[in-house]
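For reference, the structure is listed below as structure tokens.
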Amino acid sequence: MNLTQFSLPGVGIFQTFLTVQAEQPTSGRQHVRSTGPLIIDHTPSTVLMADDGRSVLKFIKARSWHEYFKTFWARSRLFKEVKGNQLLAGLGIEVARIHEVGIGLVPGYKYRYLGYYLMEDLAARQAVEMLSWFQSGEVSEAQRMQWLDRVIDDLRTMRDAGVIFSDCHLRNVFAQPNADQVIWIDTGVTRYLCPRSRKFARKFNFSMRRFANYHDGELTLSEEEKRRILALQLPE
Ligand SMILES: Nc1ncnc2c1ncn2[C@@H]1O[C@H](COP(=O)(O)OP(=O)(O)O)[C@@H](O)[C@H]1O
Ligand SMILES: [Mg+2]
């Protein structure tokens, strides 16, 4: 275990993290890290390229003190995403590989980051964010349906395992055409002990209806595309 300090004035990150899971051993007990260019800074997170140019760093913001304290019993959104990533991988679903995880124990001065994780940059696999790809007009209707079917296959696997993907939409799925596979990011998931319960069916169905209509306005899915998503719903 190491302490890693990030000092990124541009995005207001001055915080020390306890690095708990690292594939590459780091030298010394405390070191200061820099990063590459910013990808996005919005309410839930700040995402940047790492300084090696090959990985992506995601810092997760605490939206309240309450959320910050959840860190201490490993229930925060950071843990939810990291554990979700492992859970999906265990179900045979392709996810961005996580190389390192850091927990924010002492709050920073501007934002309270719950922590960060370092993961592979999916662009290095020539994978593209599905929504932007669909919007680009490069994908024919028939191809789009095939790609959506891959997303639906993964959602069926999750459903059968009692798992709900919290933020299910096409910005959180990448398409990797050279391997004919989809890859999931932002992997906050909830696992229910009773996938056959009415409670699970209600929650799962709600998330499918939300997904089917999520992109209305920016990329309306066709009736058939929506029908296939909604066909995943369970009897309530
Ligand atoms: N591993 C990755 N490789 C390439 N781009 C990524 C990766 N992870 C995130 N991104 C980019 O950053 C954006 C935000 O990441 P995401 O994990 O979805 O954060 P949020 O929880 O804030 O939605 C994504 O929509 C994507 O464009
Ligand atoms: Mg996201």
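Identifiers in the structure tokens: chain A, B, ... in order shown; residue index from 1 per chain; ligand index from 1 in order shown.
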
Residues of chain A at most 9 Å from ligand 2: nearest atom pair and distance in Å, only C-alpha atoms and all ligand atoms, as a Markdown table:
```
| residue | atom | partner | partner_atom_place_in_ligand_line | distance |
| --- | --- | --- | --- | --- |
| A:Pro44 | CA | ligand 2 | 1 (Mg) | 8.7 |
| A:Ser45 | CA | ligand 2 | 1 (Mg) | 8.8 |
| A:Asp167 | CA | ligand 2 | 1 (Mg) | 7.1 |
| A:Cys168 | CA | ligand 2 | 1 (Mg) | 8.7 |
| A:His169 | CA | ligand 2 | 1 (Mg) | 8.2 |
| A:Leu170 | CA | ligand 2 | 1 (Mg) | 8.9 |
| A:Arg171 | CA | ligand 2 | 1 (Mg) | 6.0 |
| A:Asn172 | CA | ligand 2 | 1 (Mg) | 5.0 |
| A:Val173 | CA | ligand 2 | 1 (Mg) | 8.8 |
| A:Ile185 | CA | ligand 2 | 1 (Mg) | 7.1 |
| A:Asp186 | CA | ligand 2 | 1 (Mg) | 5.2 |
| A:Thr187 | CA | ligand 2 | 1 (Mg) | 8.6 |
```

Would you mind listing, for every residue of chain A within 7 Å of ligand 1, the two atoms forming the shortest contact and the distance between them in Å to one decimal, using only C-alpha atoms and all ligand atoms, sorted by chain and ascending residue number, as JSON lines?
```
{"residue": "A:Ile39", "atom": "CA", "partner": "ligand 1", "partner_atom_place_in_ligand_line": "12 (O)", "distance": 6.0}
{"residue": "A:Ile40", "atom": "CA", "partner": "ligand 1", "partner_atom_place_in_ligand_line": "12 (O)", "distance": 6.1}
{"residue": "A:His42", "atom": "CA", "partner": "ligand 1", "partner_atom_place_in_ligand_line": "22 (O)", "distance": 6.5}
{"residue": "A:Pro44", "atom": "CA", "partner": "ligand 1", "partner_atom_place_in_ligand_line": "22 (O)", "distance": 4.9}
{"residue": "A:Ser45", "atom": "CA", "partner": "ligand 1", "partner_atom_place_in_ligand_line": "22 (O)", "distance": 4.4}
{"residue": "A:Thr46", "atom": "CA", "partner": "ligand 1", "partner_atom_place_in_ligand_line": "22 (O)", "distance": 6.7}
{"residue": "A:Val47", "atom": "CA", "partner": "ligand 1", "partner_atom_place_in_ligand_line": "12 (O)", "distance": 5.7}
{"residue": "A:Val56", "atom": "CA", "partner": "ligand 1", "partner_atom_place_in_ligand_line": "1 (N)", "distance": 5.6}
{"residue": "A:Lys58", "atom": "CA", "partner": "ligand 1", "partner_atom_place_in_ligand_line": "17 (O)", "distance": 6.7}
{"residue": "A:Ala96", "atom": "CA", "partner": "ligand 1", "partner_atom_place_in_ligand_line": "1 (N)", "distance": 5.4}
{"residue": "A:Met119", "atom": "CA", "partner": "ligand 1", "partner_atom_place_in_ligand_line": "1 (N)", "distance": 5.5}
{"residue": "A:Glu120", "atom": "CA", "partner": "ligand 1", "partner_atom_place_in_ligand_line": "1 (N)", "distance": 5.2}
{"residue": "A:Asp121", "atom": "CA", "partner": "ligand 1", "partner_atom_place_in_ligand_line": "3 (N)", "distance": 3.8}
{"residue": "A:Leu122", "atom": "CA", "partner": "ligand 1", "partner_atom_place_in_ligand_line": "3 (N)", "distance": 3.9}
{"residue": "A:Ala123", "atom": "CA", "partner": "ligand 1", "partner_atom_place_in_ligand_line": "4 (C)", "distance": 5.6}
{"residue": "A:Glu129", "atom": "CA", "partner": "ligand 1", "partner_atom_place_in_ligand_line": "27 (O)", "distance": 6.3}
{"residue": "A:Arg171", "atom": "CA", "partner": "ligand 1", "partner_atom_place_in_ligand_line": "25 (O)", "distance": 5.0}
{"residue": "A:Asn172", "atom": "CA", "partner": "ligand 1", "partner_atom_place_in_ligand_line": "18 (O)", "distance": 5.3}
{"residue": "A:Ile185", "atom": "CA", "partner": "ligand 1", "partner_atom_place_in_ligand_line": "17 (O)", "distance": 5.5}
{"residue": "A:Asp186", "atom": "CA", "partner": "ligand 1", "partner_atom_place_in_ligand_line": "17 (O)", "distance": 4.0}
```

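Within segment 134-214 of chain A, residues classed as strand (DSSP E or B) by DSSP on backbone coordinates are Val163, Ile164, Phe165, Val173, Phe174, Ala175, Gln176, Gln181, Val182, Ile183, Trp184, Val189, Thr190 and Arg191 of chain A.
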
Looking only at helix (DSSP H, G or I) from DSSP on the backbone, list the matching residues of segment 75-231 of chain A as a ChimeraX atom specification.
/A:77-90,122-125,130-135,141-160,177-179,198-214,223-230

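Pairwise distance (atom CA of Gln135 of chain A, atom CA of Leu219 of chain A) equals 6.8 Å.
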